[in-house]
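Raw run_26.pdb, PDB, C-alpha atoms and all ligand atoms:
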```pdb
ATOM      1  CA  MET Z   1     -51.494 -53.581 127.679
ATOM      2  CA  SER Z   2     -48.887 -56.315 128.111
ATOM      3  CA  PRO Z   3     -45.696 -55.294 129.922
ATOM      4  CA  LEU Z   4     -42.374 -54.792 128.186
ATOM      5  CA  LEU Z   5     -40.761 -57.472 130.357
ATOM      6  CA  ALA Z   6     -42.694 -60.295 131.977
ATOM      7  CA  CYS Z   7     -40.862 -62.926 134.022
ATOM      8  CA  SER Z   8     -42.887 -65.689 135.562
ATOM      9  CA  GLY Z   9     -41.831 -68.539 137.795
ATOM     10  CA  LEU Z  10     -38.226 -67.590 137.177
ATOM     11  CA  THR Z  11     -35.986 -69.942 139.110
ATOM     12  CA  MET Z  12     -32.201 -70.238 139.250
ATOM     13  CA  ARG Z  13     -30.551 -73.019 141.183
ATOM     14  CA  PHE Z  14     -26.862 -73.424 141.846
ATOM     15  CA  GLY Z  15     -26.656 -77.031 143.006
ATOM     16  CA  GLY Z  16     -28.656 -77.108 146.244
ATOM     17  CA  LEU Z  17     -28.946 -73.311 146.481
ATOM     18  CA  THR Z  18     -32.039 -71.637 145.042
ATOM     19  CA  ALA Z  19     -30.880 -68.113 144.209
ATOM     20  CA  LEU Z  20     -34.143 -67.149 142.424
ATOM     21  CA  ASP Z  21     -37.276 -68.869 143.609
ATOM     22  CA  SER Z  22     -40.335 -68.750 141.290
ATOM     23  CA  LEU Z  23     -39.984 -65.046 140.683
ATOM     24  CA  ASP Z  24     -42.773 -63.126 138.930
ATOM     25  CA  ILE Z  25     -41.627 -59.657 137.867
ATOM     26  CA  ALA Z  26     -43.075 -57.408 135.185
ATOM     27  CA  VAL Z  27     -41.751 -54.066 133.966
ATOM     28  CA  GLY Z  28     -43.728 -51.686 131.807
ATOM     29  CA  THR Z  29     -42.481 -49.439 129.019
ATOM     30  CA  GLY Z  30     -40.933 -46.304 130.516
ATOM     31  CA  GLU Z  31     -41.235 -47.610 134.061
ATOM     32  CA  THR Z  32     -38.417 -47.489 136.628
ATOM     33  CA  VAL Z  33     -38.451 -50.355 139.096
ATOM     34  CA  GLY Z  34     -36.227 -50.294 142.181
ATOM     35  CA  LEU Z  35     -35.013 -53.771 143.108
ATOM     36  CA  VAL Z  36     -33.803 -54.100 146.681
ATOM     37  CA  GLY Z  37     -33.034 -56.814 149.209
ATOM     38  CA  PRO Z  38     -30.343 -58.018 151.585
ATOM     39  CA  ASN Z  39     -26.944 -59.219 150.362
ATOM     40  CA  GLY Z  40     -27.286 -62.550 148.616
ATOM     41  CA  SER Z  41     -31.042 -62.175 148.002
ATOM     42  CA  GLY Z  42     -30.670 -62.737 144.250
ATOM     43  CA  LYS Z  43     -30.660 -59.246 142.706
ATOM     44  CA  THR Z  44     -27.523 -59.668 140.600
ATOM     45  CA  THR Z  45     -28.519 -63.233 139.756
ATOM     46  CA  PHE Z  46     -31.776 -61.824 138.381
ATOM     47  CA  PHE Z  47     -29.765 -59.507 136.100
ATOM     48  CA  ASN Z  48     -27.414 -62.331 135.128
ATOM     49  CA  VAL Z  49     -30.357 -64.528 134.179
ATOM     50  CA  LEU Z  50     -32.097 -61.723 132.287
ATOM     51  CA  THR Z  51     -28.993 -60.916 130.277
ATOM     52  CA  GLY Z  52     -28.158 -64.527 129.450
ATOM     53  CA  LEU Z  53     -25.029 -64.882 131.603
ATOM     54  CA  TYR Z  54     -26.851 -67.644 133.514
ATOM     55  CA  ARG Z  55     -29.324 -70.023 131.971
ATOM     56  CA  PRO Z  56     -32.358 -70.126 134.280
ATOM     57  CA  SER Z  57     -33.422 -73.476 135.708
ATOM     58  CA  GLU Z  58     -37.143 -72.839 135.152
ATOM     59  CA  GLY Z  59     -39.675 -70.192 134.272
ATOM     60  CA  ALA Z  60     -40.499 -67.869 131.419
ATOM     61  CA  VAL Z  61     -39.011 -64.574 130.247
ATOM     62  CA  ARG Z  62     -40.970 -62.583 127.701
ATOM     63  CA  PHE Z  63     -39.644 -59.322 126.338
ATOM     64  CA  GLU Z  64     -42.037 -57.565 123.986
ATOM     65  CA  ALA Z  65     -42.930 -60.315 121.529
ATOM     66  CA  SER Z  66     -39.780 -62.374 122.158
ATOM     67  CA  ASP Z  67     -39.189 -65.356 124.363
ATOM     68  CA  LEU Z  68     -35.805 -64.644 125.967
ATOM     69  CA  PHE Z  69     -35.654 -67.751 128.151
ATOM     70  CA  GLY Z  70     -32.206 -69.308 127.849
ATOM     71  CA  ARG Z  71     -31.150 -67.080 124.950
ATOM     72  CA  SER Z  72     -27.532 -65.962 124.518
ATOM     73  CA  PRO Z  73     -26.274 -62.599 125.845
ATOM     74  CA  GLN Z  74     -25.846 -61.413 122.240
ATOM     75  CA  GLU Z  75     -29.429 -62.272 121.293
ATOM     76  CA  ILE Z  76     -30.746 -60.638 124.456
ATOM     77  CA  SER Z  77     -28.702 -57.507 123.817
ATOM     78  CA  ARG Z  78     -29.991 -57.348 120.238
ATOM     79  CA  ALA Z  79     -33.547 -57.724 121.543
ATOM     80  CA  GLY Z  80     -33.026 -54.474 123.508
ATOM     81  CA  VAL Z  81     -31.825 -55.331 127.012
ATOM     82  CA  ALA Z  82     -28.643 -53.635 128.288
ATOM     83  CA  ARG Z  83     -26.955 -53.519 131.666
ATOM     84  CA  THR Z  84     -24.218 -52.123 133.841
ATOM     85  CA  PHE Z  85     -22.279 -54.167 136.389
ATOM     86  CA  GLN Z  86     -21.822 -53.760 140.117
ATOM     87  CA  ARG Z  87     -18.042 -53.716 139.714
ATOM     88  CA  SER Z  88     -16.693 -51.538 136.936
ATOM     89  CA  ARG Z  89     -16.068 -53.423 133.698
ATOM     90  CA  LEU Z  90     -14.305 -50.560 131.933
ATOM     91  CA  MET Z  91     -11.013 -51.194 130.165
ATOM     92  CA  LEU Z  92      -9.201 -48.361 131.871
ATOM     93  CA  ASP Z  93      -6.272 -48.143 129.456
ATOM     94  CA  GLN Z  94      -8.576 -48.019 126.418
ATOM     95  CA  THR Z  95     -10.274 -44.833 125.244
ATOM     96  CA  VAL Z  96     -13.747 -43.788 126.293
ATOM     97  CA  PHE Z  97     -14.860 -44.371 122.704
ATOM     98  CA  ASP Z  98     -13.451 -47.919 122.589
ATOM     99  CA  ASN Z  99     -15.278 -48.734 125.807
ATOM    100  CA  ILE Z 100     -18.560 -47.290 124.608
ATOM    101  CA  ALA Z 101     -18.276 -48.848 121.144
ATOM    102  CA  LEU Z 102     -18.266 -52.285 122.791
ATOM    103  CA  GLY Z 103     -21.910 -51.681 123.662
ATOM    104  CA  ALA Z 104     -22.725 -51.387 119.963
ATOM    105  CA  LEU Z 105     -21.139 -54.692 118.954
ATOM    106  CA  GLY Z 106     -23.741 -56.823 117.302
ATOM    107  CA  ARG Z 107     -25.253 -53.769 115.631
ATOM    108  CA  VAL Z 108     -22.132 -52.412 113.924
ATOM    109  CA  ASP Z 109     -19.517 -54.834 112.651
ATOM    110  CA  LEU Z 110     -16.189 -53.343 113.725
ATOM    111  CA  GLY Z 111     -14.181 -56.426 112.763
ATOM    112  CA  LEU Z 112     -11.096 -56.490 110.558
ATOM    113  CA  LEU Z 113     -12.842 -57.985 107.515
ATOM    114  CA  PRO Z 114     -15.468 -55.241 107.021
ATOM    115  CA  ALA Z 115     -12.764 -52.650 107.771
ATOM    116  CA  LEU Z 116     -10.683 -53.990 104.874
ATOM    117  CA  VAL Z 117     -13.345 -55.084 102.403
ATOM    118  CA  PHE Z 118     -16.150 -52.556 102.845
ATOM    119  CA  ARG Z 119     -14.031 -49.526 103.606
ATOM    120  CA  SER Z 120     -16.459 -46.726 102.879
ATOM    121  CA  ARG Z 121     -19.342 -48.396 104.701
ATOM    122  CA  PHE Z 122     -17.022 -49.120 107.619
ATOM    123  CA  ARG Z 123     -15.882 -45.464 107.735
ATOM    124  CA  ARG Z 124     -19.513 -44.310 107.615
ATOM    125  CA  ASP Z 125     -20.568 -46.679 110.411
ATOM    126  CA  LEU Z 126     -17.594 -45.671 112.511
ATOM    127  CA  SER Z 127     -18.192 -41.945 112.186
ATOM    128  CA  ALA Z 128     -21.901 -42.441 112.969
ATOM    129  CA  LEU Z 129     -20.840 -44.303 116.099
ATOM    130  CA  VAL Z 130     -18.455 -41.508 117.118
ATOM    131  CA  GLU Z 131     -21.278 -38.988 116.654
ATOM    132  CA  LYS Z 132     -23.635 -41.078 118.716
ATOM    133  CA  ALA Z 133     -21.083 -41.603 121.498
ATOM    134  CA  THR Z 134     -20.354 -37.858 121.512
ATOM    135  CA  ALA Z 135     -24.045 -36.942 121.770
ATOM    136  CA  LEU Z 136     -24.665 -39.527 124.481
ATOM    137  CA  THR Z 137     -21.690 -38.596 126.677
ATOM    138  CA  ARG Z 138     -22.441 -34.885 126.229
ATOM    139  CA  ARG Z 139     -25.826 -35.431 127.891
ATOM    140  CA  PHE Z 140     -24.044 -36.742 130.980
ATOM    141  CA  ASN Z 141     -20.959 -34.509 130.999
ATOM    142  CA  PRO Z 142     -19.616 -32.333 128.136
ATOM    143  CA  HIS Z 143     -16.087 -32.965 129.417
ATOM    144  CA  ILE Z 144     -16.399 -36.667 128.557
ATOM    145  CA  ALA Z 145     -17.665 -35.830 125.080
ATOM    146  CA  ALA Z 146     -14.689 -33.525 124.541
ATOM    147  CA  SER Z 147     -12.260 -36.231 125.670
ATOM    148  CA  LEU Z 148     -13.703 -39.216 123.828
ATOM    149  CA  PHE Z 149     -10.271 -40.483 122.799
ATOM    150  CA  LYS Z 150      -8.650 -40.247 126.221
ATOM    151  CA  PRO Z 151      -8.215 -43.392 128.344
ATOM    152  CA  ALA Z 152     -11.242 -44.225 130.491
ATOM    153  CA  GLY Z 153      -8.870 -44.567 133.462
ATOM    154  CA  SER Z 154      -8.119 -40.834 133.378
ATOM    155  CA  PHE Z 155     -11.681 -39.993 134.489
ATOM    156  CA  THR Z 156     -13.170 -39.638 137.971
ATOM    157  CA  MET Z 157     -15.293 -42.414 139.467
ATOM    158  CA  ILE Z 158     -18.564 -40.687 138.647
ATOM    159  CA  ASP Z 159     -17.500 -40.105 135.033
ATOM    160  CA  ARG Z 160     -16.468 -43.762 134.728
ATOM    161  CA  ARG Z 161     -19.968 -44.715 135.883
ATOM    162  CA  ARG Z 162     -21.404 -42.332 133.308
ATOM    163  CA  ILE Z 163     -19.234 -43.939 130.618
ATOM    164  CA  GLU Z 164     -20.511 -47.386 131.635
ATOM    165  CA  ILE Z 165     -24.090 -46.168 131.406
ATOM    166  CA  CYS Z 166     -23.357 -44.686 127.963
ATOM    167  CA  ARG Z 167     -21.926 -48.049 126.885
ATOM    168  CA  ALA Z 168     -25.190 -49.673 127.931
ATOM    169  CA  LEU Z 169     -27.230 -47.011 126.142
ATOM    170  CA  ILE Z 170     -25.341 -46.794 122.840
ATOM    171  CA  GLY Z 171     -27.246 -49.706 121.316
ATOM    172  CA  GLY Z 172     -30.590 -48.012 122.011
ATOM    173  CA  PRO Z 173     -31.999 -50.522 124.519
ATOM    174  CA  ARG Z 174     -35.655 -50.631 125.596
ATOM    175  CA  LEU Z 175     -34.715 -51.942 129.042
ATOM    176  CA  LEU Z 176     -31.707 -50.788 131.055
ATOM    177  CA  LEU Z 177     -30.543 -52.797 134.077
ATOM    178  CA  LEU Z 178     -28.428 -50.766 136.505
ATOM    179  CA  ASP Z 179     -26.592 -52.796 139.137
ATOM    180  CA  GLU Z 180     -25.776 -50.565 142.118
ATOM    181  CA  PRO Z 181     -24.767 -47.444 140.213
ATOM    182  CA  SER Z 182     -23.913 -45.690 143.500
ATOM    183  CA  ALA Z 183     -21.347 -48.346 144.567
ATOM    184  CA  GLY Z 184     -18.010 -46.766 145.447
ATOM    185  CA  MET Z 185     -19.285 -43.207 145.073
ATOM    186  CA  THR Z 186     -19.756 -40.429 147.638
ATOM    187  CA  HIS Z 187     -23.255 -39.169 148.488
ATOM    188  CA  GLU Z 188     -22.552 -36.049 146.444
ATOM    189  CA  GLU Z 189     -21.477 -38.070 143.398
ATOM    190  CA  THR Z 190     -24.484 -40.357 143.780
ATOM    191  CA  ARG Z 191     -26.800 -37.342 143.865
ATOM    192  CA  HIS Z 192     -25.240 -35.954 140.671
ATOM    193  CA  LEU Z 193     -25.516 -39.290 138.899
ATOM    194  CA  MET Z 194     -29.172 -39.588 139.887
ATOM    195  CA  ASP Z 195     -29.778 -36.037 138.578
ATOM    196  CA  ASP Z 196     -28.244 -37.222 135.292
ATOM    197  CA  LEU Z 197     -30.443 -40.303 135.170
ATOM    198  CA  LEU Z 198     -33.604 -38.367 135.938
ATOM    199  CA  ALA Z 199     -32.778 -35.836 133.214
ATOM    200  CA  PHE Z 200     -31.975 -38.642 130.816
ATOM    201  CA  ARG Z 201     -35.232 -40.404 131.599
ATOM    202  CA  GLU Z 202     -37.161 -37.247 130.705
ATOM    203  CA  GLU Z 203     -35.529 -37.358 127.276
ATOM    204  CA  MET Z 204     -36.204 -41.062 126.820
ATOM    205  CA  PRO Z 205     -39.628 -41.612 128.399
ATOM    206  CA  ASP Z 206     -40.009 -45.048 126.801
ATOM    207  CA  LEU Z 207     -36.845 -46.466 128.330
ATOM    208  CA  ALA Z 208     -37.636 -48.921 131.135
ATOM    209  CA  ILE Z 209     -35.114 -49.192 133.963
ATOM    210  CA  VAL Z 210     -34.558 -51.753 136.692
ATOM    211  CA  LEU Z 211     -32.295 -50.340 139.352
ATOM    212  CA  VAL Z 212     -30.587 -52.467 141.995
ATOM    213  CA  GLU Z 213     -29.580 -50.232 144.872
ATOM    214  CA  HIS Z 214     -28.868 -50.357 148.592
ATOM    215  CA  GLU Z 215     -29.127 -46.560 148.988
ATOM    216  CA  MET Z 216     -32.779 -46.082 149.932
ATOM    217  CA  ASP Z 217     -32.643 -42.380 149.034
ATOM    218  CA  VAL Z 218     -31.782 -43.348 145.473
ATOM    219  CA  ILE Z 219     -34.636 -45.850 145.342
ATOM    220  CA  ARG Z 220     -37.039 -43.275 146.739
ATOM    221  CA  ARG Z 221     -35.990 -40.637 144.238
ATOM    222  CA  ILE Z 222     -35.881 -42.635 141.080
ATOM    223  CA  SER Z 223     -38.292 -45.594 141.327
ATOM    224  CA  ASP Z 224     -41.905 -45.627 140.189
ATOM    225  CA  ARG Z 225     -42.366 -48.952 141.936
ATOM    226  CA  CYS Z 226     -40.255 -51.176 144.173
ATOM    227  CA  VAL Z 227     -39.673 -54.908 144.412
ATOM    228  CA  VAL Z 228     -37.984 -56.484 147.425
ATOM    229  CA  LEU Z 229     -36.262 -59.874 147.290
ATOM    230  CA  ASN Z 230     -35.288 -62.119 150.155
ATOM    231  CA  PHE Z 231     -33.635 -65.511 149.605
ATOM    232  CA  GLY Z 232     -34.576 -65.271 145.921
ATOM    233  CA  ARG Z 233     -38.266 -64.713 146.626
ATOM    234  CA  LYS Z 234     -40.309 -61.599 146.045
ATOM    235  CA  ILE Z 235     -41.509 -60.467 149.482
ATOM    236  CA  PHE Z 236     -42.859 -57.060 148.495
ATOM    237  CA  GLU Z 237     -44.007 -55.112 145.460
ATOM    238  CA  GLY Z 238     -45.414 -51.598 145.567
ATOM    239  CA  ALA Z 239     -44.726 -47.945 146.274
ATOM    240  CA  PHE Z 240     -41.680 -46.779 148.229
ATOM    241  CA  ASP Z 241     -43.697 -45.494 151.204
ATOM    242  CA  ALA Z 242     -45.485 -48.817 151.503
ATOM    243  CA  LEU Z 243     -42.125 -50.607 151.362
ATOM    244  CA  LEU Z 244     -40.896 -48.672 154.392
ATOM    245  CA  ALA Z 245     -44.001 -49.629 156.323
ATOM    246  CA  ASP Z 246     -44.095 -53.297 155.313
ATOM    247  CA  PRO Z 247     -43.392 -55.608 158.279
ATOM    248  CA  ASP Z 248     -41.770 -58.366 156.154
ATOM    249  CA  VAL Z 249     -39.416 -55.842 154.550
ATOM    250  CA  GLN Z 250     -38.642 -54.369 157.971
ATOM    251  CA  THR Z 251     -37.623 -57.772 159.256
ATOM    252  CA  ALA Z 252     -35.707 -58.972 156.209
ATOM    253  CA  TYR Z 253     -34.008 -55.812 155.048
ATOM    254  CA  LEU Z 254     -34.460 -52.687 157.096
ATOM    255  CA  GLY Z 255     -33.436 -54.186 160.438
ATOM    256  CA  GLY Z 256     -36.901 -53.561 161.851
ATOM    257  CA  SER Z 257     -36.023 -50.005 162.822
ATOM    258  CA  GLN Z 258     -37.164 -47.669 160.030
TER     259      GLN Z 258
HETATM  260  N1  LIG N 301     -22.291 -68.427 140.001
HETATM  261  C1  LIG N 301     -22.762 -68.768 141.206
HETATM  262  N2  LIG N 301     -22.542 -69.977 141.728
HETATM  263  C2  LIG N 301     -23.034 -70.327 142.943
HETATM  264  N3  LIG N 301     -23.778 -69.512 143.698
HETATM  265  C3  LIG N 301     -24.030 -68.272 143.238
HETATM  266  C4  LIG N 301     -23.551 -67.829 141.960
HETATM  267  N4  LIG N 301     -23.971 -66.554 141.757
HETATM  268  C5  LIG N 301     -24.684 -66.227 142.855
HETATM  269  N5  LIG N 301     -24.710 -67.255 143.729
HETATM  270  C6  LIG N 301     -25.409 -67.269 145.024
HETATM  271  O1  LIG N 301     -26.748 -66.868 144.780
HETATM  272  C7  LIG N 301     -27.221 -66.069 145.863
HETATM  273  C8  LIG N 301     -27.689 -64.735 145.319
HETATM  274  O2  LIG N 301     -26.533 -63.973 144.970
HETATM  275  P1  LIG N 301     -26.637 -62.540 144.272
HETATM  276  O3  LIG N 301     -25.244 -62.112 143.944
HETATM  277  O4  LIG N 301     -27.599 -62.609 143.176
HETATM  278  O5  LIG N 301     -27.215 -61.649 145.466
HETATM  279  P2  LIG N 301     -27.411 -60.074 145.505
HETATM  280  O6  LIG N 301     -28.781 -59.844 146.033
HETATM  281  O7  LIG N 301     -27.047 -59.466 144.216
HETATM  282  O8  LIG N 301     -26.343 -59.672 146.628
HETATM  283  P3  LIG N 301     -25.499 -58.286 146.813
HETATM  284  O9  LIG N 301     -26.476 -57.261 147.322
HETATM  285  O10 LIG N 301     -24.476 -58.668 147.854
HETATM  286  O11 LIG N 301     -24.896 -57.950 145.493
HETATM  287  C9  LIG N 301     -26.079 -65.980 146.871
HETATM  288  O12 LIG N 301     -26.262 -66.963 147.861
HETATM  289  C10 LIG N 301     -24.853 -66.258 146.018
HETATM  290  O13 LIG N 301     -23.811 -66.818 146.794
END
```
Have the structure of the file written as structure tokens, please.
Amino acid sequence: MSPLLACSGLTMRFGGLTALDSLDIAVGTGETVGLVGPNGSGKTTFFNVLTGLYRPSEGAVRFEASDLFGRSPQEISRAGVARTFQRSRLMLDQTVFDNIALGALGRVDLGLLPALVFRSRFRRDLSALVEKATALTRRFNPHIAASLFKPAGSFTMIDRRRIEICRALIGGPRLLLLDEPSAGMTHEETRHLMDDLLAFREEMPDLAIVLVEHEMDVIRRISDRCVVLNFGRKIFEGAFDALLADPDVQTAYLGGSQ
């Protein structure tokens, strides 16, 4: 069976710097891949290329039947790829709902024209979106669902992360890219968020996830398979236990001591 995502020879150059170097990465339906590597090894660039923020220099990106190479972020989102960012991109003074609704743009037209011209359809779409956002946030934390119209900035760090994940999920993606979800959180918060993700994955077994993470405990707990990058190249692919034992990974990433 062909994978959900298949990248081959993916290369991204910034002038003289090769941030992604002929990368071959495939992700299957329902699979969770942990993507690790030292700072500057190309993990976020890989996400930026996959989501259309950067146009790759070379290579191929196939997603289901679509060729996503060089497509716009909107087209890629519509094809079923969603992401979160390393640094929070929430609008803290806007409501949770407003933040989450942004993830549905492109599927629901929330612009002024439909609001004025097609009022009943607009009202129907909007209330369906509220229902969906309520159901989604309730899975992560009922308190968020009950406070959907409070500013996102009034929530704790872990709830803000949950809101960002809900924003990525509201459009019903097939592939979710999580960029360091544990960043800025305590170990306890990280553990809770991983519990949430594992529970969520049970409910959505077809959702594929690529998780960038420096916390090796998180990678161990949540990944089916791991990929390690170094200077934009894939230096390892396989199970977590094999990653720990791999001499190249030891040298490049684990400081040779694990
Ligand atoms: N827009 C850009 N212009 C120039 N160079 C860039 C750009 N984006 C990334 N780079 C460079 O590409 C390389 C890979 O960066 P990237 O952010 O993808 O690494 P990373 O593995 O995500 O690192 P970290 O773990 O610190 O987040 C780095 O050398 C970085 O400086």
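Atom pair atom CA of Leu178 of chain Z / atom CA of Gly16 of chain Z has a distance of 28.1 Å (rounded to one decimal).
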Selected residue of minimal separation from ligand LIG 301 (chain N) among Z:Glu203, Z:Asp159, Z:Asp195, Z:Glu180, counting all atoms listed in the file: Z:Glu180
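Residues selected in this file by the PyMOL selection byres (((not hetatm)) within 8 of (chain N and resi 301)) comprise Phe14, Gly15, Leu17, Thr18, Ala19, Leu20, Val36, Gly37, Pro38, Asn39, Gly40, Ser41, Gly42, Lys43, Thr44, Thr45, Phe46, Tyr54, Gln86, His214, Leu229, Phe231 and Gly232 of chain Z.
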Closest of Z:His143, Z:Arg83, Z:Arg124, Z:His192 to Val49 of chain Z, counting only C-alpha atoms, is Z:Arg83
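Here atom CA of Glu215 of chain Z and atom CA of Pro173 of chain Z stand 25.0 Å from one another.
Atom to atom, atom CA of Ser182 of chain Z and atom CA of Glu213 of chain Z stand 7.4 Å apart.
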Name all residues at most 12 Å from Thr84 of chain Z (count all atoms listed in the file; drop same-chain ones fewer than 4 positions away) and give them as a ChimeraX atom specification. /Z:44,47-48,51,88-90,100,103,160-169,175-183,209-212
List the residues selected by the PyMOL selection byres (((chain Z and resi 198) around 12) and not hetatm) in the file shown, writing them as a list of chain:residue names. Z:Thr32, Z:Arg139, Z:Phe140, Z:Arg191, Z:His192, Z:Leu193, Z:Met194, Z:Asp195, Z:Asp196, Z:Leu197, Z:Ala199, Z:Phe200, Z:Arg201, Z:Glu202, Z:Glu203, Z:Met204, Z:Pro205, Z:Leu207, Z:Ile209, Z:Val218, Z:Arg221, Z:Ile222, Z:Ser223, Z:Asp224
For segment 188-194 of chain Z, what centre and edge lengths in Å (one decimal) does the axis-aligned box get once 6 Å is added on each side of all its listed atoms, as AutoDock Vina command-line options?
```
--center_x -25.3 --center_y -38.2 --center_z 142.7 --size_x 19.7 --size_y 16.4 --size_z 19.5
```
Convert the output of the PyMOL selection byres (((chain Z and resi 145-149) around 7) and not hetatm) on the shown file into explicit residues, formatted as number ranges by chain. Z: 95-97, 134, 137-138, 141-144, 150-151
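Of the listed residues (Z:Asn99, Z:Gly255, Z:Phe69, Z:Ala6), Z:Ala6 comes nearest to Ile25 of chain Z; the distances count all atoms listed in the file.
Shortest separation to Gly70 of chain Z among Z:Ala208, Z:Met12, Z:Val33, Z:Val227 occurs at residue Z:Met12, atoms counted being all atoms listed in the file.
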Which residues, written as a PyMOL selection string, have at least one atom at most 12 Å from Ala242 of chain Z, with all atoms listed in the file counted and residues fewer than 3 positions away on the same chain left out? chain Z and resi 220+225-228+236-239+245-250+258
Any chance you could export the current selection's C-alpha atoms as a short mmCIF file (atom, residue, chain, number, x, y, z; two decimals), in the coordinates of the input?
```cif
data_model
loop_
_atom_site.label_atom_id
_atom_site.label_comp_id
_atom_site.auth_asym_id
_atom_site.auth_seq_id
_atom_site.Cartn_x
_atom_site.Cartn_y
_atom_site.Cartn_z
CA ARG Z 220 -37.04 -43.28 146.74
CA ARG Z 225 -42.37 -48.95 141.94
CA CYS Z 226 -40.26 -51.18 144.17
CA VAL Z 227 -39.67 -54.91 144.41
CA VAL Z 228 -37.98 -56.48 147.43
CA PHE Z 236 -42.86 -57.06 148.50
CA GLU Z 237 -44.01 -55.11 145.46
CA GLY Z 238 -45.41 -51.60 145.57
CA ALA Z 239 -44.73 -47.94 146.27
CA ALA Z 245 -44.00 -49.63 156.32
CA ASP Z 246 -44.10 -53.30 155.31
CA PRO Z 247 -43.39 -55.61 158.28
CA ASP Z 248 -41.77 -58.37 156.15
CA VAL Z 249 -39.42 -55.84 154.55
CA GLN Z 250 -38.64 -54.37 157.97
CA GLN Z 258 -37.16 -47.67 160.03
#
```
For Leu92 of chain Z, list every protein, DNA or RNA residue within 8 Å, evaluated using only C-alpha atoms, and leave out those in the same chain fewer than 4 positions away; present the list as a PDB file with C-alpha atoms, in the coordinates of the input.
```pdb
ATOM      1  CA  PRO Z 151      -8.215 -43.392 128.344  1.00  0.00           C
ATOM      2  CA  ALA Z 152     -11.242 -44.225 130.491  1.00  0.00           C
ATOM      3  CA  GLY Z 153      -8.870 -44.567 133.462  1.00  0.00           C
ATOM      4  CA  SER Z 154      -8.119 -40.834 133.378  1.00  0.00           C
TER       5      SER Z 154
END
```
